[in-house]
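This is start_1.json. It holds JSON, C-alpha atoms.
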[["chain", "number", "residue", "atom", "x", "y", "z"],
["B", 1, "MET", "CA", -10.88, -75.16, -52.13],
["B", 2, "THR", "CA", -11.19, -76.25, -55.75],
["B", 3, "PHE", "CA", -9.61, -73.97, -58.34],
["B", 4, "PHE", "CA", -12.04, -71.73, -60.26],
["B", 5, "ASP", "CA", -11.21, -69.43, -63.13],
["B", 6, "ARG", "CA", -13.39, -66.42, -63.92],
["B", 7, "ARG", "CA", -15.45, -68.35, -66.49],
["B", 8, "GLN", "CA", -16.24, -71.06, -63.96],
["B", 9, "PHE", "CA", -17.30, -68.38, -61.49],
["B", 10, "MET", "CA", -19.93, -67.34, -64.04],
["B", 11, "ALA", "CA", -21.61, -70.72, -63.67],
["B", 12, "LEU", "CA", -22.10, -70.41, -59.93],
["B", 13, "SER", "CA", -24.69, -68.45, -58.02],
["B", 14, "VAL", "CA", -23.62, -65.54, -55.85],
["B", 15, "ALA", "CA", -25.08, -67.32, -52.84],
["B", 16, "ALA", "CA", -22.89, -70.36, -53.49],
["B", 17, "LEU", "CA", -19.84, -68.16, -53.96],
["B", 18, "LEU", "CA", -20.49, -66.33, -50.72],
["B", 19, "ALA", "CA", -20.89, -69.64, -48.93],
["B", 20, "SER", "CA", -17.58, -70.85, -50.35],
["B", 21, "ALA", "CA", -15.94, -67.54, -49.52],
["B", 22, "GLY", "CA", -17.30, -67.80, -46.01],
["B", 23, "LYS", "CA", -15.37, -71.03, -45.50],
["B", 24, "ILE", "CA", -12.18, -69.25, -46.47],
["B", 25, "SER", "CA", -13.00, -66.38, -44.16],
["B", 26, "ALA", "CA", -13.57, -68.74, -41.26],
["B", 27, "GLN", "CA", -10.28, -70.48, -41.91],
["B", 28, "THR", "CA", -8.22, -67.30, -42.23],
["B", 29, "ALA", "CA", -10.13, -65.18, -39.67],
["B", 30, "ARG", "CA", -10.46, -62.04, -41.81],
["B", 31, "MET", "CA", -9.22, -60.23, -44.83],
["B", 32, "LEU", "CA", -5.72, -58.83, -44.66],
["B", 33, "THR", "CA", -5.68, -55.21, -43.57],
["B", 34, "LYS", "CA", -2.97, -52.57, -43.65],
["B", 35, "ALA", "CA", -2.60, -49.43, -41.57],
["B", 36, "ILE", "CA", -3.27, -45.95, -42.91],
["B", 37, "PRO", "CA", -0.17, -44.15, -41.63],
["B", 38, "ALA", "CA", -1.95, -40.86, -40.94],
["B", 39, "THR", "CA", -4.48, -42.39, -38.55],
["B", 40, "GLY", "CA", -3.28, -45.90, -37.73],
["B", 41, "GLU", "CA", -6.66, -47.35, -38.70],
["B", 42, "GLN", "CA", -6.67, -50.66, -40.52],
["B", 43, "LEU", "CA", -8.02, -50.73, -44.09],
["B", 44, "PRO", "CA", -8.89, -54.03, -45.82],
["B", 45, "VAL", "CA", -6.59, -54.49, -48.80],
["B", 46, "ILE", "CA", -9.29, -55.24, -51.40],
["B", 47, "GLY", "CA", -11.78, -52.51, -52.17],
["B", 48, "LEU", "CA", -14.14, -51.60, -55.00],
["B", 49, "GLY", "CA", -13.63, -49.26, -57.93],
["B", 50, "THR", "CA", -16.76, -47.84, -59.58],
["B", 51, "LEU", "CA", -15.59, -46.29, -62.86],
["B", 52, "GLU", "CA", -18.06, -47.36, -65.57],
["B", 53, "ALA", "CA", -19.27, -50.25, -63.39],
["B", 54, "PHE", "CA", -21.70, -48.10, -61.37],
["B", 55, "ASP", "CA", -22.56, -45.55, -64.07],
["B", 56, "VAL", "CA", -25.93, -47.13, -64.81],
["B", 57, "SER", "CA", -29.61, -46.26, -64.89],
["B", 58, "LEU", "CA", -30.46, -48.66, -62.06],
["B", 59, "THR", "CA", -32.94, -50.96, -63.72],
["B", 60, "ALA", "CA", -34.26, -53.71, -61.47],
["B", 61, "GLU", "CA", -31.66, -56.13, -62.85],
["B", 62, "GLU", "CA", -28.80, -53.68, -62.45],
["B", 63, "ARG", "CA", -29.96, -52.70, -58.98],
["B", 64, "THR", "CA", -29.94, -56.32, -57.85],
["B", 65, "ALA", "CA", -26.48, -57.03, -59.29],
["B", 66, "LEU", "CA", -24.86, -53.88, -57.91],
["B", 67, "GLY", "CA", -26.50, -54.40, -54.55],
["B", 68, "GLU", "CA", -25.01, -57.89, -54.46],
["B", 69, "VAL", "CA", -21.59, -56.42, -55.29],
["B", 70, "LEU", "CA", -21.81, -54.11, -52.28],
["B", 71, "LYS", "CA", -23.16, -56.85, -50.02],
["B", 72, "ALA", "CA", -20.36, -59.19, -51.09],
["B", 73, "LEU", "CA", -17.78, -56.49, -50.31],
["B", 74, "VAL", "CA", -19.10, -56.04, -46.78],
["B", 75, "ALA", "CA", -19.75, -59.76, -46.19],
["B", 76, "GLN", "CA", -16.07, -60.56, -46.71],
["B", 77, "GLY", "CA", -14.77, -57.69, -44.60],
["B", 78, "GLY", "CA", -14.17, -55.13, -47.33],
["B", 79, "THR", "CA", -14.97, -51.48, -46.71],
["B", 80, "LEU", "CA", -13.36, -49.25, -49.37],
["B", 81, "VAL", "CA", -15.54, -47.86, -52.16],
["B", 82, "ASP", "CA", -13.79, -45.41, -54.49],
["B", 83, "THR", "CA", -15.73, -43.18, -56.86],
["B", 84, "SER", "CA", -15.77, -39.74, -58.49],
["B", 85, "PRO", "CA", -18.24, -37.17, -59.83],
["B", 86, "ARG", "CA", -16.53, -37.79, -63.17],
["B", 87, "TYR", "CA", -17.92, -41.34, -63.20],
["B", 88, "GLY", "CA", -21.34, -40.33, -64.49],
["B", 89, "GLU", "CA", -24.12, -41.57, -62.21],
["B", 90, "ALA", "CA", -21.83, -43.68, -60.01],
["B", 91, "GLU", "CA", -21.99, -41.51, -56.87],
["B", 92, "ALA", "CA", -25.78, -41.26, -57.02],
["B", 93, "VAL", "CA", -26.15, -45.00, -57.65],
["B", 94, "ILE", "CA", -23.85, -45.82, -54.74],
["B", 95, "GLY", "CA", -25.70, -43.42, -52.48],
["B", 96, "GLU", "CA", -29.07, -44.90, -53.35],
["B", 97, "LEU", "CA", -27.98, -48.51, -52.94],
["B", 98, "VAL", "CA", -26.01, -47.92, -49.73],
["B", 99, "ALA", "CA", -29.00, -46.17, -48.18],
["B", 100, "GLU", "CA", -31.36, -48.92, -49.32],
["B", 101, "LEU", "CA", -29.08, -51.64, -47.93],
["B", 102, "ASN", "CA", -28.19, -49.68, -44.77],
["B", 103, "LEU", "CA", -24.44, -50.09, -45.37],
["B", 104, "ALA", "CA", -23.16, -46.55, -44.84],
["B", 105, "ASP", "CA", -21.68, -47.23, -41.41],
["B", 106, "GLN", "CA", -19.75, -50.21, -42.76],
["B", 107, "LEU", "CA", -18.02, -48.48, -45.67],
["B", 108, "PHE", "CA", -14.95, -46.32, -46.22],
["B", 109, "PHE", "CA", -15.99, -43.74, -48.84],
["B", 110, "ALA", "CA", -13.38, -42.22, -51.13],
["B", 111, "THR", "CA", -14.31, -39.74, -53.84],
["B", 112, "LYS", "CA", -12.66, -36.94, -55.80],
["B", 113, "VAL", "CA", -12.86, -33.38, -57.03],
["B", 114, "PHE", "CA", -12.36, -32.88, -60.75],
["B", 115, "SER", "CA", -13.80, -29.47, -61.72],
["B", 116, "MET", "CA", -11.60, -26.53, -62.64],
["B", 117, "GLY", "CA", -11.87, -23.48, -60.38],
["B", 118, "GLU", "CA", -12.05, -22.99, -56.63],
["B", 119, "GLN", "CA", -15.80, -22.44, -56.20],
["B", 120, "GLU", "CA", -16.60, -25.05, -58.85],
["B", 121, "GLY", "CA", -14.54, -27.55, -56.88],
["B", 122, "VAL", "CA", -16.21, -26.67, -53.58],
["B", 123, "ASP", "CA", -19.63, -27.03, -55.15],
["B", 124, "GLU", "CA", -18.64, -30.35, -56.69],
["B", 125, "MET", "CA", -17.42, -31.75, -53.38],
["B", 126, "HIS", "CA", -20.63, -30.77, -51.61],
["B", 127, "GLY", "CA", -22.52, -32.33, -54.48],
["B", 128, "SER", "CA", -20.64, -35.57, -53.91],
["B", 129, "LEU", "CA", -21.72, -35.63, -50.27],
["B", 130, "ASN", "CA", -25.32, -35.12, -51.36],
["B", 131, "ARG", "CA", -25.19, -37.82, -54.02],
["B", 132, "LEU", "CA", -23.53, -40.31, -51.68],
["B", 133, "ARG", "CA", -26.07, -39.36, -48.98],
["B", 134, "VAL", "CA", -23.44, -39.08, -46.25],
["B", 135, "PRO", "CA", -22.44, -36.13, -44.04],
["B", 136, "GLN", "CA", -18.75, -37.03, -44.37],
["B", 137, "VAL", "CA", -16.53, -38.96, -46.77],
["B", 138, "ASP", "CA", -13.45, -40.69, -45.42],
["B", 139, "LEU", "CA", -11.14, -39.55, -48.21],
["B", 140, "MET", "CA", -11.36, -36.65, -50.65],
["B", 141, "GLN", "CA", -8.87, -36.74, -53.52],
["B", 142, "VAL", "CA", -7.83, -34.33, -56.25],
["B", 143, "HIS", "CA", -8.66, -36.24, -59.41],
["B", 144, "SER", "CA", -5.55, -36.54, -61.63],
["B", 145, "MET", "CA", -4.06, -33.63, -59.63],
["B", 146, "ARG", "CA", -6.29, -31.32, -61.71],
["B", 147, "ASP", "CA", -6.16, -27.73, -60.37],
["B", 148, "TRP", "CA", -4.57, -29.05, -57.19],
["B", 149, "GLU", "CA", -3.34, -25.58, -56.09],
["B", 150, "LEU", "CA", -6.95, -24.56, -55.53],
["B", 151, "HIS", "CA", -8.47, -27.87, -54.50],
["B", 152, "LEU", "CA", -6.06, -28.98, -51.78],
["B", 153, "PRO", "CA", -6.77, -25.89, -49.63],
["B", 154, "SER", "CA", -10.50, -26.42, -50.22],
["B", 155, "ILE", "CA", -10.25, -30.04, -49.10],
["B", 156, "ARG", "CA", -8.40, -28.95, -45.97],
["B", 157, "LYS", "CA", -11.23, -26.55, -45.21],
["B", 158, "LEU", "CA", -13.69, -29.37, -45.85],
["B", 159, "ARG", "CA", -11.77, -31.42, -43.28],
["B", 160, "GLU", "CA", -12.00, -28.59, -40.76],
["B", 161, "GLU", "CA", -15.76, -28.62, -41.31],
["B", 162, "GLY", "CA", -15.89, -32.35, -40.56],
["B", 163, "LYS", "CA", -16.93, -33.31, -44.08],
["B", 164, "THR", "CA", -13.86, -35.37, -44.87],
["B", 165, "ARG", "CA", -11.15, -36.99, -42.77],
["B", 166, "LEU", "CA", -8.30, -37.62, -45.20],
["B", 167, "ILE", "CA", -6.73, -35.84, -48.17],
["B", 168, "GLY", "CA", -5.26, -37.36, -51.31],
["B", 169, "ILE", "CA", -4.27, -36.97, -54.95],
["B", 170, "THR", "CA", -4.63, -39.41, -57.83],
["B", 171, "ILE", "CA", -3.08, -40.41, -61.15],
["B", 172, "HIS", "CA", -3.95, -43.36, -63.39],
["B", 173, "ARG", "CA", -1.05, -43.49, -65.85],
["B", 174, "ASP", "CA", 2.72, -43.13, -65.81],
["B", 175, "PRO", "CA", 2.86, -39.56, -67.14],
["B", 176, "GLY", "CA", 2.29, -37.53, -64.02],
["B", 177, "HIS", "CA", 4.41, -39.63, -61.68],
["B", 178, "GLU", "CA", 7.04, -36.91, -61.39],
["B", 179, "GLN", "CA", 4.46, -34.27, -60.49],
["B", 180, "MET", "CA", 2.90, -36.64, -57.97],
["B", 181, "MET", "CA", 6.23, -37.13, -56.24],
["B", 182, "ASP", "CA", 6.77, -33.36, -56.10],
["B", 183, "LEU", "CA", 3.41, -32.95, -54.35],
["B", 184, "MET", "CA", 4.11, -35.85, -52.01],
["B", 185, "ARG", "CA", 7.23, -34.02, -50.87],
["B", 186, "THR", "CA", 5.68, -30.57, -50.53],
["B", 187, "GLU", "CA", 2.04, -31.12, -49.53],
["B", 188, "ASP", "CA", 0.61, -32.71, -46.40],
["B", 189, "LEU", "CA", -1.06, -35.74, -47.98],
["B", 190, "ASP", "CA", -2.64, -38.77, -46.35],
["B", 191, "PHE", "CA", -3.18, -40.82, -49.52],
["B", 192, "ILE", "CA", -2.04, -41.15, -53.07],
["B", 193, "GLN", "CA", -3.82, -43.20, -55.72],
["B", 194, "VAL", "CA", -1.61, -44.53, -58.51],
["B", 195, "ASN", "CA", -1.54, -47.05, -61.35],
["B", 196, "TYR", "CA", 0.41, -50.22, -60.55],
["B", 197, "ASN", "CA", 0.08, -53.73, -61.94],
["B", 198, "LEU", "CA", 2.11, -56.55, -63.44],
["B", 199, "LEU", "CA", 2.35, -54.72, -66.77],
["B", 200, "GLU", "CA", 2.83, -51.22, -65.36],
["B", 201, "ARG", "CA", 5.45, -51.47, -62.65],
["B", 202, "ASN", "CA", 7.09, -48.05, -62.84],
["B", 203, "ALA", "CA", 5.41, -46.83, -59.65],
["B", 204, "ALA", "CA", 7.53, -49.32, -57.72],
["B", 205, "ASN", "CA", 10.72, -47.58, -58.80],
["B", 206, "GLN", "CA", 10.21, -44.30, -56.94],
["B", 207, "ILE", "CA", 6.63, -43.48, -55.96],
["B", 208, "LEU", "CA", 5.97, -46.49, -53.73],
["B", 209, "PRO", "CA", 9.29, -46.24, -51.84],
["B", 210, "LEU", "CA", 8.71, -42.50, -51.40],
["B", 211, "ALA", "CA", 5.24, -43.15, -50.00],
["B", 212, "GLN", "CA", 6.76, -45.53, -47.46],
["B", 213, "ASP", "CA", 9.39, -42.99, -46.48],
["B", 214, "LEU", "CA", 6.84, -40.20, -46.05],
["B", 215, "GLY", "CA", 4.14, -42.27, -44.37],
["B", 216, "ILE", "CA", 1.56, -41.82, -47.12],
["B", 217, "ALA", "CA", -1.06, -44.50, -47.76],
["B", 218, "VAL", "CA", -1.25, -45.92, -51.28],
["B", 219, "MET", "CA", -4.42, -46.88, -53.13],
["B", 220, "VAL", "CA", -3.80, -48.71, -56.42],
["B", 221, "ASN", "CA", -6.03, -48.35, -59.48],
["B", 222, "VAL", "CA", -6.09, -50.30, -62.78],
["B", 223, "PRO", "CA", -4.68, -53.49, -61.14],
["B", 224, "PHE", "CA", -5.68, -55.54, -64.20],
["B", 225, "ALA", "CA", -4.16, -53.03, -66.66],
["B", 226, "LYS", "CA", -7.77, -52.59, -67.73],
["B", 227, "ALA", "CA", -8.38, -56.01, -69.34],
["B", 228, "GLU", "CA", -4.90, -56.53, -70.76],
["B", 229, "LEU", "CA", -3.70, -58.93, -68.09],
["B", 230, "PHE", "CA", -6.75, -61.16, -68.58],
["B", 231, "ASN", "CA", -6.19, -61.04, -72.34],
["B", 232, "LYS", "CA", -2.56, -62.12, -71.92],
["B", 233, "THR", "CA", -3.48, -65.08, -69.71],
["B", 234, "SER", "CA", -6.60, -66.19, -71.59],
["B", 235, "GLY", "CA", -6.57, -69.96, -72.06],
["B", 236, "ILE", "CA", -3.46, -70.36, -69.89],
["B", 237, "ALA", "CA", -3.61, -72.49, -66.75],
["B", 238, "LEU", "CA", -2.67, -70.91, -63.47],
["B", 239, "PRO", "CA", 0.83, -72.16, -62.48],
["B", 240, "GLU", "CA", 0.81, -74.82, -59.76],
["B", 241, "TRP", "CA", 3.25, -72.84, -57.64],
["B", 242, "THR", "CA", 0.59, -70.18, -57.02],
["B", 243, "SER", "CA", -0.94, -72.54, -54.46],
["B", 244, "GLU", "CA", 1.99, -71.59, -52.22],
["B", 245, "PHE", "CA", 0.23, -68.27, -51.58],
["B", 246, "ASP", "CA", -3.38, -69.50, -51.77],
["B", 247, "CYS", "CA", -4.08, -68.18, -55.26],
["B", 248, "GLU", "CA", -6.98, -69.76, -57.12],
["B", 249, "SER", "CA", -7.72, -67.49, -60.09],
["B", 250, "TRP", "CA", -5.96, -65.06, -62.40],
["B", 251, "ALA", "CA", -7.76, -62.15, -60.74],
["B", 252, "GLN", "CA", -6.30, -63.22, -57.40],
["B", 253, "PHE", "CA", -2.87, -63.63, -59.00],
["B", 254, "PHE", "CA", -2.93, -60.02, -60.25],
["B", 255, "LEU", "CA", -4.35, -58.59, -57.04],
["B", 256, "LYS", "CA", -2.10, -60.52, -54.66],
["B", 257, "TYR", "CA", 0.88, -59.20, -56.59],
["B", 258, "VAL", "CA", -0.29, -55.62, -56.01],
["B", 259, "VAL", "CA", -1.23, -55.82, -52.34],
["B", 260, "SER", "CA", 1.85, -57.81, -51.39],
["B", 261, "HIS", "CA", 4.01, -54.77, -52.11],
["B", 262, "PRO", "CA", 4.84, -53.36, -48.66],
["B", 263, "ALA", "CA", 3.94, -49.80, -49.65],
["B", 264, "VAL", "CA", 0.48, -50.61, -51.00],
["B", 265, "THR", "CA", -2.40, -50.07, -48.59],
["B", 266, "SER", "CA", -5.31, -51.14, -50.78],
["B", 267, "VAL", "CA", -6.39, -51.86, -54.36],
["B", 268, "ILE", "CA", -9.67, -50.97, -56.07],
["B", 269, "PRO", "CA", -10.55, -53.39, -58.90],
["B", 270, "ARG", "CA", -13.71, -52.18, -60.57],
["B", 271, "THR", "CA", -16.62, -54.50, -61.26],
["B", 272, "SER", "CA", -20.38, -54.59, -61.60],
["B", 273, "LYS", "CA", -20.57, -58.39, -61.33],
["B", 274, "PRO", "CA", -21.08, -60.04, -57.93],
["B", 275, "HIS", "CA", -19.12, -63.20, -58.84],
["B", 276, "HIS", "CA", -16.14, -61.07, -59.90],
["B", 277, "MET", "CA", -16.40, -59.11, -56.65],
["B", 278, "VAL", "CA", -16.18, -62.33, -54.63],
["B", 279, "ASP", "CA", -13.27, -63.57, -56.74],
["B", 280, "ASN", "CA", -11.45, -60.27, -56.22],
["B", 281, "LEU", "CA", -12.11, -60.26, -52.48],
["B", 282, "MET", "CA", -10.58, -63.71, -52.05],
["B", 283, "ALA", "CA", -7.24, -62.18, -53.03],
["B", 284, "GLY", "CA", -7.23, -60.57, -49.60],
["B", 285, "PHE", "CA", -7.30, -63.92, -47.79],
["B", 286, "GLY", "CA", -4.66, -66.56, -47.17],
["B", 287, "GLY", "CA", -0.97, -66.27, -47.92],
["B", 288, "MET", "CA", 0.70, -63.54, -49.92],
["B", 289, "PRO", "CA", 3.62, -63.85, -52.33],
["B", 290, "ASP", "CA", 6.99, -63.05, -50.78],
["B", 291, "ALA", "CA", 9.72, -61.14, -52.58],
["B", 292, "ALA", "CA", 10.94, -64.22, -54.45],
["B", 293, "ALA", "CA", 7.41, -65.17, -55.52],
["B", 294, "ARG", "CA", 6.76, -61.63, -56.73],
["B", 295, "ILE", "CA", 9.78, -61.82, -59.00],
["B", 296, "ARG", "CA", 8.56, -65.18, -60.27],
["B", 297, "MET", "CA", 5.16, -63.64, -61.02],
["B", 298, "GLU", "CA", 6.79, -60.82, -62.97],
["B", 299, "GLN", "CA", 8.93, -63.25, -64.94],
["B", 300, "PHE", "CA", 5.92, -65.42, -65.76],
["B", 301, "ILE", "CA", 3.90, -62.48, -67.14],
["B", 302, "ASP", "CA", 6.90, -61.05, -68.99],
["B", 303, "GLY", "CA", 7.48, -64.45, -70.54],
["B", 304, "LEU", "CA", 4.05, -64.40, -72.18],
["B", 305, "GLY", "CA", 5.30, -61.72, -74.58]]
Just give me the structure as structure tokens.
Amino acid sequence: MTFFDRRQFMALSVAALLASAGKISAQTARMLTKAIPATGEQLPVIGLGTLEAFDVSLTAEERTALGEVLKALVAQGGTLVDTSPRYGEAEAVIGELVAELNLADQLFFATKVFSMGEQEGVDEMHGSLNRLRVPQVDLMQVHSMRDWELHLPSIRKLREEGKTRLIGITIHRDPGHEQMMDLMRTEDLDFIQVNYNLLERNAANQILPLAQDLGIAVMVNVPFAKAELFNKTSGIALPEWTSEFDCESWAQFFLKYVVSHPAVTSVIPRTSKPHHMVDNLMAGFGGMPDAAARIRMEQFIDGLG
């Protein structure tokens, strides 16, 4: 397949991208999946984050674009959609589009509880189910571990009621890693969600190995360090050696680095653009960087200053 950077993707139609992606899918059978230790089920490694991207008013143009994002996710074997009541209208937008496109049975829904207070948290979680228009979410997480002492028991009760299957906690920046590890050791968790990317690698020092030891699935957020990784590589050609692991864009470079870590289960790059969704999804196909290639990737990014 010819190399495309993200600007070249802009020039192509979503239909053309999906056709091209379909050729890759046919050649490599399916997207890479990894097992969720708690259940053994296989989760595709590339998912969708919805912070800001899905907090929209759903004009006709926005509806079409976001619908194409969801259709692209499913078309290439992706399932994971991560959201939160803190993300404005995102849950309601997802719920409306998923119902309209009849995709609910094909998706793995992950959302969060953010409110302070026990009853406030319970009400918020039930509100999420209503906004997403589903009787059960696959994963309920305590957003930034906020009021976790109250929310984790509430989530367990929600699981007993059949309204969620899995329990997790999240963090999106390095401060908080120590508290996360304490909870990983003391609470019965199925998932953690943590920041990890080529510029923020501290999670690999302790959190990721601990997750492996304890059998906790890992979802990675901010894989692009917001936009900083794209800013650092702007105008720079992708190294030729990236072809060794079937990498054809900077987005795939950043995502393949994340999901090739043995402890990482999935990653949730956020986007509202169908062509970016397809580009991101292609990171889940083909070869993955081995340990030596991962070091080379780190050295390359570090060398950019």
Please write as JSON, numbers by chain the list of polymer residues whose atoms come within 9 Å of (8.7, -40.8, -64.6), counting all atoms listed in the file and keeping to the coordinates of the file. {"B": [174, 175, 176, 177, 178, 179, 202, 203, 206]}
For the contact check between region 173-223 of chain B and region 81-91 of chain B, emit one row per residue of region 173-223 of chain B within 12 Å, containing the shortest atom pair and the distance in Å rounded to one decimal, counting all atoms listed in the file, chain then rising number order, as CSV.
residue,atom,partner,partner_atom,distance
B:Gln193,CA,B:Asp82,CA,10.3
B:Met219,CA,B:Asp82,CA,9.6
B:Val220,CA,B:Asp82,CA,10.7
B:Asn221,CA,B:Asp82,CA,9.7
Prev. selection, C-alpha atoms, output as a PDB file, in the coordinates of the input:
ATOM      1  CA  GLN B 193      -3.820 -43.200 -55.720  1.00  0.00           C
ATOM      2  CA  MET B 219      -4.420 -46.880 -53.130  1.00  0.00           C
ATOM      3  CA  VAL B 220      -3.800 -48.710 -56.420  1.00  0.00           C
ATOM      4  CA  ASN B 221      -6.030 -48.350 -59.480  1.00  0.00           C
TER       5      ASN B 221
END
State, in Å with one decimal place, the distance from CA of Ala65 (chain B) to CA of Gly47 (chain B).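 So the answer is 16.9 Å.
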Using all atoms listed in the file, what residues lie at most 10 Å away from (-6.0, -39.1, -51.7) (file coordinates), given as a PyMOL selection string? chain B and resi 110-112+138-143+145+166-171+189-194+216-219
Point out the residue among B:Leu150, B:Ala104, B:Leu32, B:Ala38 with the least atom-to-atom distance to Phe285 (chain B), counting only C-alpha atoms.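 Between B:Leu150, B:Ala104, B:Leu32, B:Ala38, the residue approaching Phe285 (chain B) most closely is B:Leu32.
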Excluding His126 (chain B) and residues on its chain fewer than 6 positions from it, collect all residues at most 10 Å away from it, counting all atoms listed in the file, and give them as a PyMOL selection string. chain B and resi 113+132+135-136+158+163
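Close contacts of Thr265 (chain B), defined as residues with an atom at most 8 Å away when counting all atoms listed in the file, with chain neighbours fewer than 5 positions off set aside, comprise Thr33, Lys34, Ala35, Ile36, Leu43, Val45, Ala217, Val218, Met219 and Val259 of chain B.
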Keeping only C-alpha atoms, write the selected residues as an mmCIF file, in the coordinates of the input.
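So the final result, stored in selection-v4.cif, reads:
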data_model
loop_
_atom_site.group_PDB
_atom_site.id
_atom_site.type_symbol
_atom_site.label_atom_id
_atom_site.label_comp_id
_atom_site.auth_asym_id
_atom_site.auth_seq_id
_atom_site.Cartn_x
_atom_site.Cartn_y
_atom_site.Cartn_z
ATOM 1 C CA THR B 33 -5.680 -55.210 -43.570
ATOM 2 C CA LYS B 34 -2.970 -52.570 -43.650
ATOM 3 C CA ALA B 35 -2.600 -49.430 -41.570
ATOM 4 C CA ILE B 36 -3.270 -45.950 -42.910
ATOM 5 C CA LEU B 43 -8.020 -50.730 -44.090
ATOM 6 C CA VAL B 45 -6.590 -54.490 -48.800
ATOM 7 C CA ALA B 217 -1.060 -44.500 -47.760
ATOM 8 C CA VAL B 218 -1.250 -45.920 -51.280
ATOM 9 C CA MET B 219 -4.420 -46.880 -53.130
ATOM 10 C CA VAL B 259 -1.230 -55.820 -52.340
#
Identify, on the basis of all atoms listed in the file, every residue whose closest approach to Gly117 (chain B) does not exceed 12 Å; exclude the query and any residue fewer than 4 positions from it along the same chain; express the result as a ChimeraX atom specification. /B:113,121-124,146-152,154
Near-Ala293 (chain B) list (12 Å; only C-alpha atoms; drop same-chain fewer than 5 positions) as a list in words: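 Contacts, in chain order: Pro239, Trp241, Thr242, Ser243, Glu244, Phe245, Cys247, Phe253, Lys256, Tyr257, Ser260, His261, Gly287, Met288, Glu298, Gln299 and Phe300 of chain B.
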Rank nothing, just name the residue among B:Pro37, B:Pro262, B:Gly78, B:Gly95 nearest to Ala283 (chain B), using all atoms listed in the file.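 The shortest atom-to-atom distance to Ala283 (chain B) comes from B:Gly78.
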So, counting all atoms listed in the file, which residue among B:Gly305, B:Gly235, B:Pro223, B:Gly127 is closest to Ile46 (chain B)? B:Pro223
Distance of CA of Gly303 (chain B) from CA of Asn231 (chain B), expressed in Å to one decimal place: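 A separation of 14.2 Å between them.
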B:Pro274, B:Gly284, B:Pro269, B:Gly215: which is nearest Asp246 (chain B), counting only C-alpha atoms?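 Looking at the shortest contact to Asp246 (chain B), the residue is B:Gly284.
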What's the separation between CA of Leu58 (chain B) and CA of Ala92 (chain B), in Å to one decimal place? 10.1 Å
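Look at Ala53 (chain B): the protein and nucleic acid residues within 7 Å of it, using all atoms listed in the file and passing over chain neighbours fewer than 4 places away, are Arg270, Thr271 and Ser272 of chain B.
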For Met184 (chain B), which residue out of B:Asp213, B:Leu70, B:Leu255, B:Leu281 is the nearest one, using only C-alpha atoms? B:Asp213
